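structure.txt follows (compact mmCIF, C-alpha atoms):
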```
# COMPACT_ATOMS: atom_id res chain seq x y z
CA MET V 262 372.03 -166.41 28.82
CA ASN V 263 372.38 -163.09 27.09
CA PHE V 264 372.45 -160.69 30.00
CA ARG V 265 373.58 -157.13 29.39
CA ALA V 266 376.83 -156.09 31.03
CA GLY V 267 375.25 -152.96 32.54
CA ASP V 268 372.53 -155.06 34.14
CA LEU V 269 375.11 -157.42 35.59
CA VAL V 270 377.03 -154.52 37.10
CA SER V 271 373.81 -153.24 38.68
CA LEU V 272 373.19 -156.73 40.00
CA GLY V 273 376.58 -156.69 41.69
CA VAL V 274 375.98 -153.26 43.21
CA PHE V 275 372.54 -154.08 44.60
CA THR V 276 373.55 -157.49 45.88
CA ALA V 277 376.46 -155.83 47.68
CA VAL V 278 374.07 -153.43 49.41
CA TYR V 279 371.62 -156.27 50.16
CA LEU V 280 374.35 -158.36 51.77
CA VAL V 281 375.76 -155.52 53.83
CA LEU V 282 372.29 -154.88 55.27
CA TYR V 283 371.63 -158.62 55.63
CA PHE V 284 374.76 -159.19 57.68
CA ALA V 285 374.45 -156.01 59.69
CA ILE V 286 370.99 -157.01 60.91
CA ASN V 287 371.61 -160.73 61.27
CA MET V 288 374.74 -160.12 63.33
CA LEU V 289 372.38 -159.08 66.07
CA ALA V 290 371.09 -162.66 66.18
CA SER V 291 374.51 -164.27 66.34
CA LEU V 292 374.29 -164.58 70.10
CA THR V 293 371.22 -166.80 70.17
CA PRO V 294 370.18 -168.70 67.07
CA LEU V 295 366.67 -168.42 68.45
CA LEU V 296 366.53 -164.74 67.50
CA GLN V 297 367.03 -165.69 63.87
CA PRO V 298 363.38 -165.73 62.76
CA ILE V 299 362.96 -162.18 64.04
CA THR V 300 366.09 -160.78 62.44
CA SER V 301 365.30 -162.62 59.21
CA PHE V 302 361.87 -161.00 59.20
CA VAL V 303 363.33 -157.54 59.77
CA THR V 304 366.04 -158.09 57.16
CA ILE V 305 363.53 -159.11 54.52
CA VAL V 306 361.33 -156.08 55.18
CA ILE V 307 364.23 -153.63 55.03
CA CYS V 308 365.80 -155.18 51.95
CA GLY V 309 362.51 -154.71 50.15
CA ILE V 310 363.70 -151.17 49.46
CA VAL V 311 366.85 -152.50 47.82
CA PHE V 312 364.91 -154.97 45.74
CA MET V 313 362.32 -152.48 44.52
CA LEU V 314 364.95 -149.99 43.40
CA PHE V 315 366.76 -152.83 41.65
CA ARG V 316 363.57 -153.78 39.84
CA ALA V 317 362.89 -150.19 38.87
CA ARG V 318 366.33 -149.84 37.32
CA VAL V 319 366.83 -153.28 35.82
CA ARG V 320 363.78 -154.74 34.14
CA SER V 321 365.34 -157.54 32.09
CA THR V 322 364.06 -161.06 32.56
CA GLY V 323 366.06 -163.39 34.71
CA MET V 324 367.94 -160.80 36.77
CA VAL V 325 365.85 -161.45 39.85
CA ALA V 326 366.43 -165.19 39.64
CA LEU V 327 370.13 -164.50 39.14
CA MET V 328 370.16 -162.32 42.25
CA ALA V 329 368.52 -165.09 44.28
CA LEU V 330 371.08 -167.60 43.02
CA LEU V 331 373.95 -165.23 43.75
CA LEU V 332 372.72 -164.70 47.30
CA GLY V 333 372.20 -168.42 47.78
CA THR V 334 375.70 -169.26 46.60
CA LEU V 335 377.43 -166.60 48.67
CA THR V 336 375.62 -167.45 51.90
CA LEU V 337 376.36 -171.09 51.25
CA LEU V 338 380.02 -170.28 51.73
CA LEU V 339 379.15 -168.54 54.97
CA GLY V 340 377.26 -171.34 56.59
CA HIS V 341 373.87 -172.00 55.11
CA HIS V 342 372.85 -175.58 54.41
CA PRO V 343 373.45 -176.61 50.77
CA ILE V 344 369.72 -176.88 50.28
CA THR V 345 369.76 -173.07 50.18
CA LEU V 346 370.97 -173.35 46.59
CA ALA V 347 367.82 -175.22 45.70
CA THR V 348 365.49 -172.90 47.63
CA ALA V 349 367.22 -169.88 46.09
CA LEU V 350 366.70 -171.31 42.61
CA VAL V 351 363.04 -172.11 43.25
CA ALA V 352 362.43 -168.76 44.94
CA GLY V 353 364.10 -166.90 42.09
CA VAL V 354 362.14 -168.68 39.39
CA ALA V 355 358.88 -168.24 41.29
CA ALA V 356 359.67 -164.54 41.65
CA GLU V 357 360.31 -164.28 37.91
CA ILE V 358 356.98 -165.90 37.19
CA ALA V 359 355.19 -163.56 39.57
CA ILE V 360 356.90 -160.55 38.00
CA ALA V 361 356.07 -161.70 34.51
CA ALA V 362 352.40 -161.23 35.33
CA LYS V 363 352.92 -157.49 35.31
CA ARG V 364 350.33 -156.98 32.65
CA ALA V 365 347.66 -158.07 35.09
CA ALA V 366 348.65 -155.81 37.98
CA PRO V 367 351.99 -154.00 37.68
CA ALA V 368 352.41 -152.93 41.28
CA ALA V 369 351.16 -156.13 42.85
CA SER V 370 353.28 -158.35 40.64
CA ASP V 371 356.52 -156.76 41.85
CA VAL V 372 355.47 -157.04 45.49
CA LEU V 373 354.43 -160.66 45.02
CA GLY V 374 357.70 -161.28 43.21
CA TYR V 375 359.67 -159.99 46.16
CA ALA V 376 357.63 -162.15 48.52
CA PHE V 377 358.60 -165.25 46.56
CA PHE V 378 362.17 -164.00 46.23
CA SER V 379 362.44 -163.70 50.00
CA LEU V 380 362.02 -167.43 50.35
CA TRP V 381 365.57 -167.89 49.07
CA SER V 382 366.91 -168.18 52.60
CA ALA V 383 364.36 -170.78 53.65
CA GLY V 384 367.10 -173.33 53.10
CA ALA V 385 368.35 -172.54 56.56
CA VAL V 386 365.29 -174.00 58.26
CA LEU V 387 363.82 -176.40 55.70
CA PRO V 388 366.12 -179.30 56.61
CA LEU V 389 364.23 -179.45 59.88
CA ILE V 390 361.21 -180.73 57.98
CA PHE V 391 362.62 -182.86 55.21
CA LEU V 392 365.77 -184.21 56.77
CA ARG V 393 364.60 -183.96 60.32
CA GLU V 394 366.36 -186.98 61.82
CA ASP V 395 369.68 -186.17 60.21
CA THR V 396 369.60 -182.54 61.21
CA ILE V 397 368.73 -183.28 64.83
CA ALA V 398 371.42 -185.94 65.01
CA GLN V 399 373.89 -183.38 63.71
CA VAL V 400 372.84 -180.89 66.35
CA ARG V 401 373.21 -183.61 68.97
CA THR V 402 376.80 -184.38 67.99
CA GLN V 403 377.69 -180.71 67.93
CA MET V 404 375.84 -179.43 70.93
CA GLY V 405 374.96 -182.31 73.19
CA SER V 406 371.75 -184.14 73.95
CA ALA V 407 370.13 -181.60 76.22
CA TYR V 408 370.37 -178.81 73.68
CA ALA V 409 369.29 -181.14 70.88
CA GLY V 410 366.26 -182.18 72.88
CA SER V 411 365.02 -178.68 73.53
CA PHE V 412 365.92 -177.70 69.98
CA ALA V 413 363.82 -180.52 68.54
CA GLY V 414 360.98 -179.65 70.85
CA LEU V 415 361.02 -176.04 69.75
CA MET V 416 361.57 -176.49 66.04
CA THR V 417 358.63 -178.68 65.18
CA PRO V 418 357.61 -178.90 61.52
CA GLY V 419 354.74 -176.58 62.34
CA VAL V 420 357.08 -173.95 63.71
CA VAL V 421 359.36 -174.26 60.70
CA LEU V 422 356.46 -173.83 58.29
CA THR V 423 355.38 -170.76 60.23
CA VAL V 424 358.87 -169.33 59.92
CA VAL V 425 358.87 -169.87 56.16
CA ALA V 426 355.41 -168.31 55.90
CA SER V 427 356.73 -165.35 57.89
CA TYR V 428 359.44 -164.87 55.27
CA PHE V 429 356.69 -164.63 52.66
CA VAL V 430 354.68 -162.15 54.72
CA ALA V 431 357.82 -160.13 55.41
CA GLY V 432 358.41 -160.10 51.67
CA LEU V 433 354.96 -158.68 51.06
CA LEU V 434 355.51 -155.98 53.66
CA GLY V 435 359.01 -155.26 52.39
CA GLY V 436 357.74 -154.99 48.85
CA LEU V 437 355.11 -152.48 49.88
CA LEU V 438 357.69 -150.52 51.88
CA GLY V 439 360.01 -150.57 48.90
CA ARG V 440 357.38 -149.22 46.57
CA ARG V 441 356.56 -146.46 49.01
CA MET V 442 360.22 -145.47 49.26
CA LEU V 443 360.44 -145.53 45.47
CA ALA V 444 357.55 -143.15 45.11
CA LYS V 445 358.60 -140.92 47.98
CA HIS V 446 362.32 -140.52 47.29
CA PHE V 447 363.84 -142.27 44.32
CA VAL V 448 361.47 -141.12 41.62
CA GLN V 449 362.06 -137.51 42.60
CA ALA V 450 365.80 -138.03 42.67
CA GLY V 451 365.63 -139.42 39.17
CA LEU V 452 367.15 -142.71 40.24
CA ALA V 453 364.14 -144.87 39.45
CA MET J 61 393.10 -145.36 41.03
CA HIS J 62 393.50 -149.06 41.48
CA SER J 63 396.32 -149.84 43.86
CA PRO J 64 397.63 -153.38 43.60
CA VAL J 65 397.46 -155.53 46.69
CA SER J 66 400.95 -156.17 47.99
CA HIS J 67 401.20 -159.90 48.33
CA GLY J 68 404.36 -160.22 50.30
CA GLN J 69 405.97 -163.62 50.27
CA GLY J 70 402.96 -165.84 50.07
CA TRP J 71 401.72 -165.37 46.54
CA VAL J 72 399.25 -167.99 45.36
CA ASP J 73 397.21 -168.04 42.16
CA VAL J 74 393.69 -166.72 42.65
CA ARG J 75 392.11 -169.93 41.42
CA THR J 76 393.97 -172.01 43.98
CA ARG J 77 392.99 -169.58 46.69
CA LEU J 78 389.35 -169.71 45.67
CA LEU J 79 389.32 -173.49 45.66
CA ALA J 80 391.13 -173.64 48.99
CA VAL J 81 388.69 -171.25 50.65
CA ILE J 82 385.68 -173.15 49.31
CA VAL J 83 387.05 -176.52 50.39
CA VAL J 84 388.01 -175.34 53.87
CA ASP J 85 384.64 -173.64 54.29
CA LEU J 86 382.85 -176.85 53.42
CA LEU J 87 385.08 -178.80 55.79
CA LEU J 88 384.39 -176.41 58.62
CA LEU J 89 380.67 -176.15 58.11
CA SER J 90 379.80 -179.70 57.18
CA SER J 91 378.57 -182.18 59.70
CA GLY J 92 382.05 -183.59 60.13
CA THR J 93 384.18 -183.57 63.22
CA ARG J 94 385.40 -180.58 65.13
CA PHE J 95 389.05 -181.56 64.87
CA VAL J 96 389.52 -179.50 61.76
CA GLN J 97 388.86 -176.24 63.56
CA VAL J 98 392.17 -175.72 65.31
CA PRO J 99 394.39 -176.58 62.31
CA ALA J 100 392.15 -174.48 60.06
CA LEU J 101 392.49 -171.57 62.44
CA LEU J 102 396.28 -171.87 62.48
CA VAL J 103 396.45 -172.07 58.70
CA LEU J 104 394.23 -169.01 58.50
CA ALA J 105 396.50 -167.10 60.85
CA VAL J 106 399.53 -167.94 58.73
CA LEU J 107 397.76 -166.95 55.53
CA LEU J 108 396.65 -163.64 56.99
CA VAL J 109 400.15 -162.86 58.20
CA LEU J 110 401.47 -163.61 54.72
CA GLU J 111 398.98 -161.09 53.41
CA ARG J 112 400.30 -158.49 55.87
CA ALA J 113 397.02 -158.61 57.77
CA VAL J 114 398.72 -159.23 61.09
CA ARG J 115 396.07 -157.39 63.07
CA GLY J 116 393.34 -159.55 61.55
CA ALA J 117 395.28 -162.69 62.36
CA ALA J 118 395.88 -161.58 65.93
CA TRP J 119 392.24 -160.61 66.33
CA ILE J 120 390.82 -163.90 65.16
CA VAL J 121 393.25 -166.06 67.10
CA GLY J 122 392.74 -163.93 70.18
CA ALA J 123 388.95 -164.12 69.89
CA TRP J 124 389.09 -167.88 69.53
CA ALA J 125 391.42 -168.18 72.52
CA VAL J 126 389.07 -166.09 74.63
CA VAL J 127 386.05 -168.17 73.63
CA MET J 128 387.89 -171.42 74.35
CA ALA J 129 389.18 -170.18 77.68
CA LEU J 130 385.71 -169.01 78.69
CA SER J 131 384.14 -172.31 77.68
CA ARG J 132 386.61 -174.42 79.52
CA TRP J 133 387.18 -172.56 82.75
CA VAL J 134 384.69 -169.81 83.38
CA LEU J 135 381.28 -170.75 82.03
CA PRO J 136 380.92 -174.22 83.55
CA GLN J 137 381.07 -172.50 86.94
CA VAL J 138 378.46 -169.89 86.10
CA PRO J 139 374.82 -170.99 86.44
CA GLY J 140 373.17 -171.18 83.06
CA GLY J 141 376.59 -170.85 81.53
CA VAL J 142 376.28 -174.15 79.68
CA VAL J 143 373.72 -172.65 77.32
CA ILE J 144 375.93 -169.66 76.55
CA MET J 145 378.87 -172.02 76.11
CA THR J 146 377.10 -174.17 73.54
CA ALA J 147 375.90 -171.08 71.68
CA LEU J 148 379.45 -169.69 71.58
CA LEU J 149 380.98 -172.98 70.48
CA TYR J 150 378.31 -173.21 67.82
CA THR J 151 379.47 -169.97 66.24
CA VAL J 152 383.20 -170.80 66.22
CA PRO J 153 383.31 -172.65 62.86
CA TYR J 154 381.23 -169.89 61.29
CA VAL J 155 383.66 -167.25 62.48
CA ILE J 156 386.61 -169.22 61.13
CA ALA J 157 384.81 -169.67 57.80
CA ALA J 158 384.12 -165.95 57.71
CA GLY J 159 387.81 -165.43 58.45
CA TYR J 160 388.72 -167.42 55.37
CA GLY J 161 386.29 -165.31 53.38
CA TYR J 162 388.01 -162.22 54.74
CA TYR J 163 391.37 -163.67 53.68
CA PHE J 164 390.09 -164.19 50.16
CA VAL J 165 388.57 -160.74 49.88
CA ARG J 166 391.69 -159.13 51.29
CA SER J 167 394.10 -160.97 49.02
CA THR J 168 392.22 -160.66 45.74
CA THR J 169 391.83 -157.68 43.47
CA PRO J 170 388.87 -157.46 41.09
CA SER J 171 391.15 -157.69 38.06
CA GLU J 172 392.84 -160.77 39.50
CA LEU J 173 389.49 -162.41 40.16
CA THR J 174 388.20 -161.53 36.69
CA GLY J 175 391.41 -162.76 35.07
CA GLY J 176 391.36 -166.06 36.93
CA LEU J 177 387.67 -166.73 36.32
CA ASN J 178 388.04 -165.82 32.64
CA ARG J 179 390.85 -168.34 32.36
CA MET J 180 388.49 -170.93 33.75
CA ARG J 181 385.95 -169.96 31.10
CA VAL J 182 383.37 -169.11 33.77
CA PRO J 183 380.32 -167.45 32.16
CA ARG J 184 380.04 -163.69 32.18
CA PHE J 185 376.92 -163.57 34.31
CA VAL J 186 378.96 -165.09 37.15
CA ILE J 187 382.14 -163.07 36.77
CA ILE J 188 380.72 -159.58 36.50
CA PRO J 189 378.51 -159.59 39.61
CA LEU J 190 381.23 -161.26 41.69
CA ALA J 191 383.91 -158.81 40.59
CA VAL J 192 381.61 -155.84 41.16
CA MET J 193 380.72 -157.12 44.63
CA LEU J 194 384.37 -157.62 45.48
CA ARG J 195 385.14 -154.06 44.44
CA PHE J 196 382.05 -152.53 45.90
CA SER J 197 381.40 -154.12 49.30
CA ALA J 198 384.06 -152.03 51.00
CA THR J 199 382.60 -148.87 49.47
CA VAL J 200 379.11 -149.78 50.63
CA ARG J 201 380.29 -150.36 54.17
CA GLU J 202 382.18 -147.07 54.25
CA ASP J 203 379.16 -145.23 52.90
CA ALA J 204 376.92 -146.88 55.46
CA ALA J 205 379.23 -145.82 58.28
CA ALA J 206 379.45 -142.26 56.96
CA ILE J 207 375.67 -142.00 56.54
CA THR J 208 375.02 -143.38 60.01
CA ASP J 209 377.45 -140.84 61.44
CA ALA J 210 375.85 -137.99 59.52
CA MET J 211 372.39 -138.98 60.64
CA ARG J 212 373.51 -139.39 64.20
CA LEU J 213 375.06 -135.93 64.09
CA ARG J 214 371.72 -134.51 63.05
CA GLY J 215 369.98 -136.35 65.83
CA LEU J 216 367.84 -138.31 63.43
CA VAL J 217 369.22 -141.72 64.31
CA SER J 218 369.77 -143.06 67.79
CA PRO J 219 368.86 -146.19 69.74
CA ALA J 220 365.77 -144.37 71.02
CA ALA J 221 364.76 -143.42 67.50
CA VAL J 222 365.06 -147.03 66.38
CA ILE J 223 362.55 -148.06 69.01
CA ARG J 224 360.12 -145.18 68.66
CA HIS J 225 360.15 -144.64 64.91
CA PRO J 226 361.70 -147.77 63.41
CA LEU J 227 360.47 -147.25 59.87
CA ARG J 228 361.55 -143.65 59.75
CA THR J 229 365.02 -144.50 61.05
CA VAL J 230 365.39 -147.22 58.46
CA GLU J 231 364.30 -144.74 55.82
CA TYR J 232 366.95 -142.22 56.92
CA LEU J 233 369.64 -144.87 56.70
CA VAL J 234 368.78 -147.07 53.76
CA VAL J 235 367.56 -144.50 51.24
CA PRO J 236 370.76 -142.38 51.25
CA LEU J 237 372.82 -145.55 51.18
CA LEU J 238 371.03 -146.78 48.09
CA ALA J 239 371.23 -143.38 46.39
CA ALA J 240 374.98 -143.17 46.99
CA SER J 241 375.48 -146.76 45.88
CA VAL J 242 373.51 -146.29 42.69
CA ARG J 243 375.50 -143.22 41.75
CA SER J 244 378.82 -144.95 42.45
CA GLY J 245 377.55 -147.97 40.57
CA GLU J 246 376.79 -145.87 37.51
CA ASP J 247 380.34 -144.49 37.54
CA LEU J 248 381.70 -147.98 37.99
CA ALA J 249 379.65 -149.36 35.12
CA ALA J 250 380.66 -146.52 32.82
CA SER J 251 384.36 -146.94 33.58
CA ALA J 252 384.15 -150.71 33.23
CA MET J 253 382.42 -150.47 29.88
CA CYS J 254 385.03 -148.00 28.67
CA ARG J 255 387.52 -150.75 29.36
CA GLY J 256 385.64 -153.28 27.31
CA LEU J 257 383.28 -154.93 29.76
CA GLY J 258 380.54 -156.63 27.84
CA ALA J 259 382.54 -157.30 24.68
CA GLN J 260 382.20 -160.71 23.11
CA VAL J 261 385.87 -161.58 23.54
CA ARG J 262 387.45 -162.83 26.75
CA PRO J 263 389.78 -160.00 27.79
CA THR J 264 393.46 -160.45 28.55
CA THR J 265 394.63 -159.41 31.98
CA THR J 266 397.65 -157.82 33.59
CA ALA J 267 397.09 -159.84 36.76
CA ARG J 268 399.64 -162.46 37.71
CA LEU J 269 398.28 -165.93 37.12
CA GLY J 270 399.96 -169.28 37.11
CA PHE J 271 400.78 -172.34 39.13
CA GLY J 272 403.77 -172.02 41.42
CA TYR J 273 405.31 -173.30 44.63
CA GLY J 274 402.78 -171.40 46.70
CA ASP J 275 399.93 -173.20 45.00
CA ALA J 276 401.47 -176.62 45.54
CA LEU J 277 402.07 -175.80 49.19
CA LEU J 278 398.56 -174.52 49.76
CA GLY J 279 397.15 -177.57 48.02
CA LEU J 280 399.07 -179.89 50.34
CA VAL J 281 397.95 -177.91 53.38
CA VAL J 282 394.30 -178.12 52.34
CA LEU J 283 394.65 -181.86 51.74
CA ALA J 284 396.13 -182.21 55.21
CA LEU J 285 393.19 -180.27 56.67
CA ALA J 286 390.76 -182.47 54.79
CA SER J 287 392.41 -185.54 56.25
CA THR J 288 392.03 -184.16 59.78
CA ALA J 289 388.33 -183.78 59.12
CA ALA J 290 388.17 -187.45 58.28
CA ILE J 291 389.53 -188.53 61.66
```
Please rewrite the model in this file as structure tokens.
Amino acid sequence: MNFRAGDLVSLGVFTAVYLVLYFAINMLASLTPLLQPITSFVTIVICGIVFMLFRARVRSTGMVALMALLLGTLTLLLGHHPITLATALVAGVAAEIAIAAKRAAPAASDVLGYAFFSLWSAGAVLPLIFLREDTIAQVRTQMGSAYAGSFAGLMTPGVVLTVVASYFVAGLLGGLLGRRMLAKHFVQAGLA
Amino acid sequence: MHSPVSHGQGWVDVRTRLLAVIVVDLLLLSSGTRFVQVPALLVLAVLLVLERAVRGAAWIVGAWAVVMALSRWVLPQVPGGVVIMTALLYTVPYVIAAGYGYYFVRSTTPSELTGGLNRMRVPRFVIIPLAVMLRFSATVREDAAAITDAMRLRGLVSPAAVIRHPLRTVEYLVVPLLAASVRSGEDLAASAMCRGLGAQVRPTTTARLGFGYGDALLGLVVLALASTAAI
């Protein structure tokens, strides 16, 4: 656990920017929870820029996993299901593994790493597969039977898996966008 | 450079506050009953007033009152209003939880947070990012607002631009934000390391820490809230 203090400060800075963007975009979906998959997709693509600059500046092992854990813990306090801690951990470790393959293909490994990293927020929708009965019962007590019925009909396991896959695809796109922004702006500015 | 938060009458140790906010958040957002919402909202209002955030308290109580009034009297009459009503009621506990988060952020300085977490022997890789985020989130939001204004002034960012050139608009907003944040972050890291961040020893702190009447009172209030959730 020997992280450098400078790296940890950078982690705080980039996570702050990530969260500000995350909330700014997801606030647009606060009116209908049904818009969430779209705003999540957009958020992941845009935050690819943040992630890629973070990677360019901080290359120590474990920082990406730590960022995923930090995001998982903070959003837990703001409403995500506790399983988000587990998905954040898994996503972070998977991202680290993908990044560690940088000898094979340096550019692709970072993009793949971000794609795995983006799965950290899958905890919001995963309970609909694994704990389906409990989650729907919870929705029923909170929102009534009619809403729960249409909710269950819409959020089938197939739909949920598609949403999670979309996070991964968004991560790939966001990673590519991030690398393009790196090359176009940050390298010239001397920040990468 | 670092102006201390004026605590007014309701001073409570940062560790108690952190625990209280976490517990109340979990109470609000768990699959328990809804009875905890109103008491939690009232407690939040009192806490915010004690922190001299009267406008925040008024805002959140007012917003809740409006939502409740709409749900009870207006929306059942409007066709299709039931759907809007359930969506609104769904977001209420989240808004209250966010309000508690706002209370914590508003009442805690980075040095207080670092001091309290160091006392609890929390590892460094937890303390440093959290303290930096506490210090930095306000700066990031201000920078984002300033950059959006600047870009809007130049005609580069507008609702039409978001639709017609989404990627370009994002580029004009996010890239300057990151550049500004990285530069501020470098200054922040340098100043923190001048003050001994990263040393092997747990630093002492000038922040006020310790158990007092406020902590006991807050603890009892949180216990009372927890018991309402068990109804």
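Taking CA of Leu190 (chain J) as the reference point, CA of Gly273 (chain V) is found at 6.5 Å.
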May I ask you to extract the residues of chain J within 7 Å of chain V, using all atoms listed in the file, and to give them as an MDAnalysis selection string?
chainID J and resid 82 85 89 91 146:147 154 157:158 185 188:190 192:193 196:197 200:201 245 249 257:258
Residue neighbourhood Val424 (chain V), 9 Å, only C-alpha atoms, exclusion window fewer than 3 positions, as a PyMOL selection string
chain V and resi 298+302+383+386+419-421+427-429
Need the neighbours of (385.8, -161.8, 24.8): which residues are at most 12 Å away, counting all atoms listed in the file, as a list in words?
Gly175, Asn178, Arg179, Arg181, Val182, Pro183, Arg184, Gly256, Leu257, Gly258, Ala259, Gln260, Val261, Arg262, Pro263, Thr264 and Thr265 of chain J
To one decimal in Å, tell me the separation between CA of Leu78 (chain J) and CA of Arg195 (chain J).
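For CA of Leu78 (chain J) relative to CA of Arg195 (chain J), the distance reads 16.3 Å.
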State, in Å with one decimal place, the distance from CA of Ala444 (chain V) to CA of Leu213 (chain J).
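Atom-to-atom, CA of Ala444 (chain V) and CA of Leu213 (chain J) are spaced 26.8 Å apart.
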Would you please work out which residue, of J:Leu216, J:Val230, J:Val242, J:Ala80, is nearest to Leu280 (chain J) when using only C-alpha atoms?
J:Ala80
